[in-house]
$ cat run.csv   # CSV, C-alpha atoms
chain,number,residue,atom,x,y,z
A,677,LYS,CA,66.8,76.9,102.5
A,678,GLN,CA,67.7,73.1,102.6
A,679,TRP,CA,69.6,72.5,105.8
A,680,VAL,CA,69.8,68.7,105.5
A,681,LYS,CA,72.7,67.6,103.3
A,682,ARG,CA,72.0,63.8,103.5
A,683,SER,CA,68.7,62.4,104.9
A,684,ASN,CA,68.7,59.5,107.3
A,685,ARG,CA,66.0,58.2,109.5
A,686,TYR,CA,68.1,58.4,112.7
A,687,GLU,CA,71.2,60.6,112.0
A,688,PRO,CA,70.7,63.1,109.2
A,689,THR,CA,73.7,65.0,108.0
A,690,PHE,CA,73.3,68.8,108.1
A,691,VAL,CA,75.1,71.4,106.0
A,692,ASP,CA,78.3,72.8,107.6
A,693,MET,CA,77.0,76.3,108.3
A,694,ILE,CA,74.0,75.1,110.4
A,695,GLU,CA,76.2,72.7,112.3
A,696,GLN,CA,78.6,75.6,113.1
A,697,TRP,CA,75.7,77.7,114.3
A,698,ALA,CA,74.3,74.8,116.5
A,699,ASN,CA,77.7,74.1,118.0
A,700,HIS,CA,78.4,77.7,118.7
A,701,ASN,CA,75.0,78.1,120.6
A,702,ASN,CA,75.2,74.6,122.1
A,703,ILE,CA,72.0,73.5,120.4
A,704,ALA,CA,71.0,70.0,119.2
A,705,LEU,CA,69.7,69.8,115.6
A,706,LEU,CA,66.7,67.6,114.8
A,707,ALA,CA,64.9,67.0,111.5
A,708,ALA,CA,61.7,65.3,110.5
A,709,ARG,CA,62.6,61.7,109.5
A,710,PRO,CA,61.8,60.6,106.0
A,711,ALA,CA,58.8,58.3,105.6
A,712,LYS,CA,57.6,59.3,109.1
A,713,PRO,CA,54.6,61.6,108.6
A,714,LYS,CA,54.0,61.6,112.4
A,715,ASP,CA,57.1,63.8,112.8
A,716,LYS,CA,55.5,66.7,111.0
A,717,PRO,CA,52.1,67.4,112.6
A,718,SER,CA,53.5,69.2,115.6
A,719,VAL,CA,55.3,71.7,113.3
A,720,GLU,CA,52.3,72.0,111.1
A,721,GLY,CA,50.1,72.5,114.1
A,722,GLY,CA,52.2,75.3,115.4
A,723,VAL,CA,52.0,77.0,112.0
A,724,ARG,CA,48.2,76.5,112.0
A,725,ILE,CA,47.9,78.2,115.5
A,726,ALA,CA,50.1,81.1,114.3
A,727,TYR,CA,47.8,81.7,111.4
A,728,LEU,CA,44.6,81.4,113.5
A,729,ARG,CA,45.7,83.7,116.4
A,730,VAL,CA,48.1,86.1,114.7
A,731,TYR,CA,47.7,86.3,110.9
A,732,GLY,CA,43.9,85.7,110.9
A,733,PRO,CA,42.9,88.6,113.2
A,734,LEU,CA,45.2,91.0,111.3
A,735,ARG,CA,44.4,90.0,107.7
A,736,ASN,CA,41.8,92.7,107.1
A,737,GLU,CA,43.8,95.6,108.8
A,738,THR,CA,45.9,98.1,107.0
A,739,PHE,CA,49.3,99.1,108.3
A,740,THR,CA,51.3,102.2,107.0
A,741,SER,CA,54.7,101.2,108.6
A,742,LEU,CA,56.7,98.2,109.5
A,743,PHE,CA,56.7,99.5,113.1
A,744,SER,CA,52.9,99.5,113.4
A,745,LEU,CA,52.7,96.0,111.8
A,746,ASN,CA,55.3,94.6,114.2
A,747,SER,CA,53.5,96.2,117.2
A,748,ALA,CA,50.2,94.6,116.2
A,749,ILE,CA,52.0,91.2,115.8
A,750,TRP,CA,53.5,91.5,119.2
A,751,ASP,CA,50.1,92.3,120.7
A,752,LYS,CA,48.6,89.1,119.2
A,753,LEU,CA,51.6,87.0,120.3
A,754,ASN,CA,51.3,88.2,123.9
A,755,SER,CA,47.6,87.4,123.8
A,756,HIS,CA,48.4,83.9,122.5
A,757,HIS,CA,51.0,83.3,125.2
A,758,ASP,CA,48.6,84.4,127.9
A,759,LYS,CA,45.9,82.0,126.8
A,760,ASN,CA,45.6,78.8,128.7
A,761,PHE,CA,46.3,75.5,127.0
A,762,GLN,CA,43.2,73.4,126.2
A,763,ARG,CA,42.0,71.5,129.2
A,764,LYS,CA,44.9,73.0,131.3
A,765,THR,CA,44.9,75.7,134.0
A,766,PHE,CA,48.2,77.3,132.9
A,767,SER,CA,49.3,79.3,129.9
A,768,ARG,CA,52.3,79.1,127.6
A,769,LYS,CA,53.9,82.0,129.4
A,770,GLU,CA,53.5,80.4,132.8
A,771,LEU,CA,54.9,77.1,131.5
A,772,PHE,CA,57.9,78.9,130.2
A,773,PHE,CA,58.8,80.8,133.3
A,774,ASP,CA,58.0,78.0,135.8
A,775,LYS,CA,59.4,75.0,134.0
A,776,GLU,CA,61.5,75.8,130.9
A,777,LYS,CA,63.4,79.0,131.7
A,778,PRO,CA,65.3,77.5,134.7
A,779,THR,CA,66.7,74.7,132.4
A,780,LEU,CA,67.9,77.1,129.7
A,781,LYS,CA,71.7,77.5,129.3
A,782,ARG,CA,73.4,80.9,129.0
A,783,MET,CA,73.9,82.2,125.4
A,784,PRO,CA,77.5,82.5,124.2
A,785,ASP,CA,79.1,85.9,125.0
A,786,ASN,CA,80.5,86.3,121.5
A,787,GLN,CA,78.3,86.6,118.4
A,788,TYR,CA,78.2,83.7,115.9
A,789,VAL,CA,80.2,84.5,112.7
A,790,ALA,CA,79.4,82.5,109.6
A,791,LYS,CA,82.3,80.7,108.0
A,792,ASN,CA,82.9,79.6,104.4
A,793,TYR,CA,84.6,76.3,103.4
A,794,THR,CA,86.5,75.7,100.2
A,795,LYS,CA,89.4,73.6,99.0
A,796,GLY,CA,92.5,74.8,97.0
A,797,LYS,CA,95.7,73.4,95.6
A,798,VAL,CA,98.9,75.1,96.9
A,799,GLN,CA,100.6,76.7,93.8
A,800,GLN,CA,104.3,76.6,93.0
A,801,ASN,CA,104.6,80.1,94.6
A,802,TYR,CA,103.3,78.4,97.9
A,803,HIS,CA,100.1,80.4,97.9
A,804,VAL,CA,96.4,79.4,97.9
A,805,VAL,CA,93.8,81.6,96.2
A,806,ILE,CA,90.3,82.4,97.5
A,807,GLY,CA,88.3,82.8,94.3
A,808,GLU,CA,85.6,84.9,95.9
A,809,ASP,CA,88.2,87.8,96.3
A,810,TRP,CA,90.9,86.5,94.0
A,811,HIS,CA,93.4,87.1,96.7
A,812,PHE,CA,96.4,84.8,97.4
A,813,TYR,CA,97.5,83.6,100.9
A,814,SER,CA,100.8,81.9,101.7
A,815,VAL,CA,101.3,78.5,103.4
A,816,PRO,CA,104.6,76.8,104.3
A,817,TYR,CA,106.4,76.0,101.1
A,818,LYS,CA,106.6,72.2,102.0
A,819,TYR,CA,102.9,72.0,101.1
A,820,ILE,CA,103.4,73.0,97.4
A,821,GLY,CA,101.2,70.8,95.2
A,822,LYS,CA,99.0,69.6,98.1
A,823,THR,CA,95.2,70.2,98.4
A,824,VAL,CA,94.3,72.0,101.5
A,825,ASN,CA,91.1,73.1,103.2
A,826,VAL,CA,90.4,76.9,103.5
A,827,ILE,CA,88.0,78.2,106.1
A,828,TYR,CA,87.3,82.0,106.0
A,829,CYS,CA,84.9,84.6,107.4
A,830,THR,CA,84.7,88.3,107.0
A,831,GLU,CA,87.8,88.9,109.1
A,832,LEU,CA,90.1,85.9,109.1
A,833,VAL,CA,91.4,83.1,106.8
A,834,GLU,CA,92.5,79.7,108.2
A,835,ILE,CA,94.2,77.0,106.0
A,836,TYR,CA,94.2,73.4,107.1
A,837,SER,CA,96.0,70.3,105.9
A,838,GLU,CA,94.7,67.0,107.3
A,839,ASN,CA,92.9,68.7,110.2
A,840,ASN,CA,96.1,70.6,111.1
A,841,ARG,CA,96.1,74.4,110.8
A,842,ILE,CA,99.1,75.4,108.7
A,843,ALA,CA,98.4,79.1,108.1
A,844,PHE,CA,96.4,81.9,109.5
A,845,HIS,CA,95.9,85.3,107.9
A,846,LYS,CA,93.8,88.4,108.2
A,847,ARG,CA,91.4,88.4,105.3
A,848,SER,CA,92.1,90.9,102.5
A,849,TYR,CA,89.7,91.9,99.8
A,850,LYS,CA,92.3,93.3,97.4
A,851,LYS,CA,92.0,91.6,94.0
A,852,HIS,CA,95.2,89.9,92.7
A,853,GLY,CA,96.9,90.8,96.0
A,854,TYR,CA,99.2,88.6,98.1
A,855,SER,CA,99.3,88.0,101.8
A,856,THR,CA,102.7,86.5,102.5
A,857,GLN,CA,104.3,85.5,105.7
A,858,ILE,CA,108.1,85.4,105.5
A,859,ASP,CA,108.4,82.2,107.5
A,860,HIS,CA,106.3,80.4,104.8
A,861,CYS,CA,108.9,81.1,102.1
A,862,PRO,CA,111.8,78.8,101.1
A,863,PRO,CA,115.2,80.0,102.6
A,864,HIS,CA,116.4,81.5,99.3
A,865,HIS,CA,113.2,83.5,99.0
A,866,GLN,CA,113.5,84.7,102.6
A,867,HIS,CA,116.9,86.1,101.7
A,868,VAL,CA,115.5,88.0,98.8
A,869,LEU,CA,112.6,89.3,100.8
A,870,ASN,CA,114.8,90.6,103.5
A,871,ARG,CA,117.0,92.5,101.0
A,872,SER,CA,114.4,94.0,98.7
A,873,LEU,CA,111.0,95.6,98.6
A,874,TRP,CA,108.2,93.0,98.2
A,875,SER,CA,104.8,94.6,99.1
A,876,PRO,CA,103.0,97.0,96.7
A,877,GLU,CA,102.5,99.4,99.5
A,878,GLU,CA,106.2,99.8,100.0
A,879,TYR,CA,106.8,100.4,96.3
A,880,LEU,CA,104.1,103.1,96.3
A,881,VAL,CA,105.6,104.8,99.3
A,882,LYS,CA,109.0,104.9,97.5
A,883,ALA,CA,107.4,106.2,94.3
A,884,GLU,CA,105.5,109.0,96.1
A,885,LYS,CA,108.9,110.5,97.2
A,886,TYR,CA,109.4,111.4,93.5
A,887,GLY,CA,105.9,113.0,93.2
A,888,PRO,CA,102.2,112.0,92.8
A,889,ALA,CA,102.6,111.4,89.1
A,890,THR,CA,105.3,108.8,89.8
A,891,LYS,CA,103.1,107.1,92.3
A,892,ASP,CA,100.1,107.0,89.9
A,893,TYR,CA,102.4,105.5,87.2
A,894,PHE,CA,103.6,102.8,89.6
A,895,GLN,CA,99.9,102.0,90.4
A,896,LYS,CA,99.1,101.6,86.7
A,897,VAL,CA,102.1,99.3,86.3
A,898,MET,CA,100.9,97.1,89.2
A,899,ASP,CA,97.4,97.0,87.8
A,900,SER,CA,98.6,95.9,84.4
A,901,LYS,CA,99.3,92.3,85.3
A,902,LEU,CA,97.0,89.6,86.6
A,903,ILE,CA,99.6,88.6,89.3
A,904,ILE,CA,101.0,91.7,90.9
A,905,ASP,CA,104.4,89.9,91.7
A,906,GLN,CA,105.1,90.0,88.0
A,907,THR,CA,105.3,93.9,88.2
A,908,TYR,CA,107.9,94.1,91.0
A,909,GLN,CA,110.9,93.7,88.8
A,910,ALA,CA,109.6,96.6,86.6
A,911,CYS,CA,109.1,98.7,89.7
A,912,GLN,CA,112.6,98.0,90.9
A,913,GLY,CA,114.0,99.1,87.5
A,914,LEU,CA,112.0,102.3,87.7
A,915,LEU,CA,113.3,103.1,91.2
A,916,ARG,CA,116.9,102.5,90.0
A,917,LEU,CA,116.3,104.8,87.0
A,918,ALA,CA,114.8,107.5,89.3
A,919,SER,CA,117.9,107.4,91.6
A,920,LEU,CA,120.3,108.1,88.8
$ encode --input "run.csv" --output "structure tokens"
Amino acid sequence: KQWVKRSNRYEPTFVDMIEQWANHNNIALLAARPAKPKDKPSVEGGVRIAYLRVYGPLRNETFTSLFSLNSAIWDKLNSHHDKNFQRKTFSRKELFFDKEKPTLKRMPDNQYVAKNYTKGKVQQNYHVVIGEDWHFYSVPYKYIGKTVNVIYCTELVEIYSENNRIAFHKRSYKKHGYSTQIDHCPPHHQHVLNRSLWSPEEYLVKAEKYGPATKDYFQKVMDSKLIIDQTYQACQGLLRLASL
């Protein structure tokens, strides 16, 4: 994978995901400089040693499982780490435990979670869509028409405007669904939301009181439109009819 987004002899620009990972683990990122062949031999030398001391001795052996292959690789790696450097009286393992390990920093307590970045324009219904799931998330209505940055992972969705976080949601994978916070709505919408049903789950709970067939029909009505909000008026009419 290409991790350098824009090459530069002194300060290359890395893609967002690898920078997130490096910041999370407190690691500095380095890249071989363009037009500087001397930056590459150390990497190529390491690959060469791995081939000579790990891959080479195993190339004619047959393994019947991944476990046996990994065990053989670990054996060759341990032998490589125990071997002294050329013209030195110590090995790689001794160098690590005596000099390098004491300077290492503690790894983060929480596991790194990859995040995705995208942009979106706030629609007239004060929602932004994540195209990957085709799910809509609300933002404060004053941002209607503005372009915002959306950062999301497997669990959470964050929405930013000019580096200020304006909305925070739990991620939903329901296609054509809406995640709406009432304080994001204009005042007249808040009044409607407080007086009427607004989520599909609540409509289905009401419909189930009249039987499973009614609930199934409500679900089909909700699935019939691209935007589920367009079905709510029909659901309210069905509930009024059922109460007669």
$ closest_residue --input "run.csv" --among "A:Gly853, A:Gly796, A:Gly913, A:Pro784" --to "Asn702 of chain A" --atoms "only C-alpha atoms"
A:Pro784
$ residues_around --input "run.csv" --residues "Lys797 of chain A" --least-positions-apart "3" --cutoff "10 Å" --atoms "all atoms listed in the file" --output "MDAnalysis selection string"
chainID A and resid 800 802:805 819:825
$ write_last_selection --input "run.csv" --atoms "C-alpha atoms" --output "mmCIF file, keeping the file's coordinate frame"
data_model
loop_
_atom_site.group_PDB
_atom_site.id
_atom_site.type_symbol
_atom_site.label_atom_id
_atom_site.label_comp_id
_atom_site.auth_asym_id
_atom_site.auth_seq_id
_atom_site.Cartn_x
_atom_site.Cartn_y
_atom_site.Cartn_z
ATOM 1 C CA GLN A 800 104.300 76.600 93.000
ATOM 2 C CA TYR A 802 103.300 78.400 97.900
ATOM 3 C CA HIS A 803 100.100 80.400 97.900
ATOM 4 C CA VAL A 804 96.400 79.400 97.900
ATOM 5 C CA VAL A 805 93.800 81.600 96.200
ATOM 6 C CA TYR A 819 102.900 72.000 101.100
ATOM 7 C CA ILE A 820 103.400 73.000 97.400
ATOM 8 C CA GLY A 821 101.200 70.800 95.200
ATOM 9 C CA LYS A 822 99.000 69.600 98.100
ATOM 10 C CA THR A 823 95.200 70.200 98.400
ATOM 11 C CA VAL A 824 94.300 72.000 101.500
ATOM 12 C CA ASN A 825 91.100 73.100 103.200
#
$ atom_distance --input "run.csv" --atom1 "atom CA of Tyr836 of chain A" --atom2 "atom CA of Ser683 of chain A"
27.9 Å
$ residues_around --input "run.csv" --residues "Trp679 of chain A" --least-positions-apart "3" --cutoff "8 Å" --atoms "all atoms listed in the file" --output "ChimeraX atom specification"
/A:690-691,694
$ write_last_selection --input "run.csv" --atoms "C-alpha atoms" --output "PDB file, keeping the file's coordinate frame"
ATOM      1  CA  PHE A 690      73.300  68.800 108.100  1.00  0.00           C
ATOM      2  CA  VAL A 691      75.100  71.400 106.000  1.00  0.00           C
ATOM      3  CA  ILE A 694      74.000  75.100 110.400  1.00  0.00           C
TER       4      ILE A 694
END
$ closest_residue --input "run.csv" --among "A:Leu734, A:Cys861, A:Val881, A:Met783" --to "Ile703 of chain A" --atoms "only C-alpha atoms"
A:Met783
$ closest_residue --input "run.csv" --among "A:Ile749, A:Ile806, A:Ile725, A:Val719" --to "Ile835 of chain A" --atoms "all atoms listed in the file"
A:Ile806
$ closest_residue --input "run.csv" --among "A:Val789, A:Val730, A:His811, A:Thr794" --to "Asn699 of chain A" --atoms "all atoms listed in the file"
A:Val789
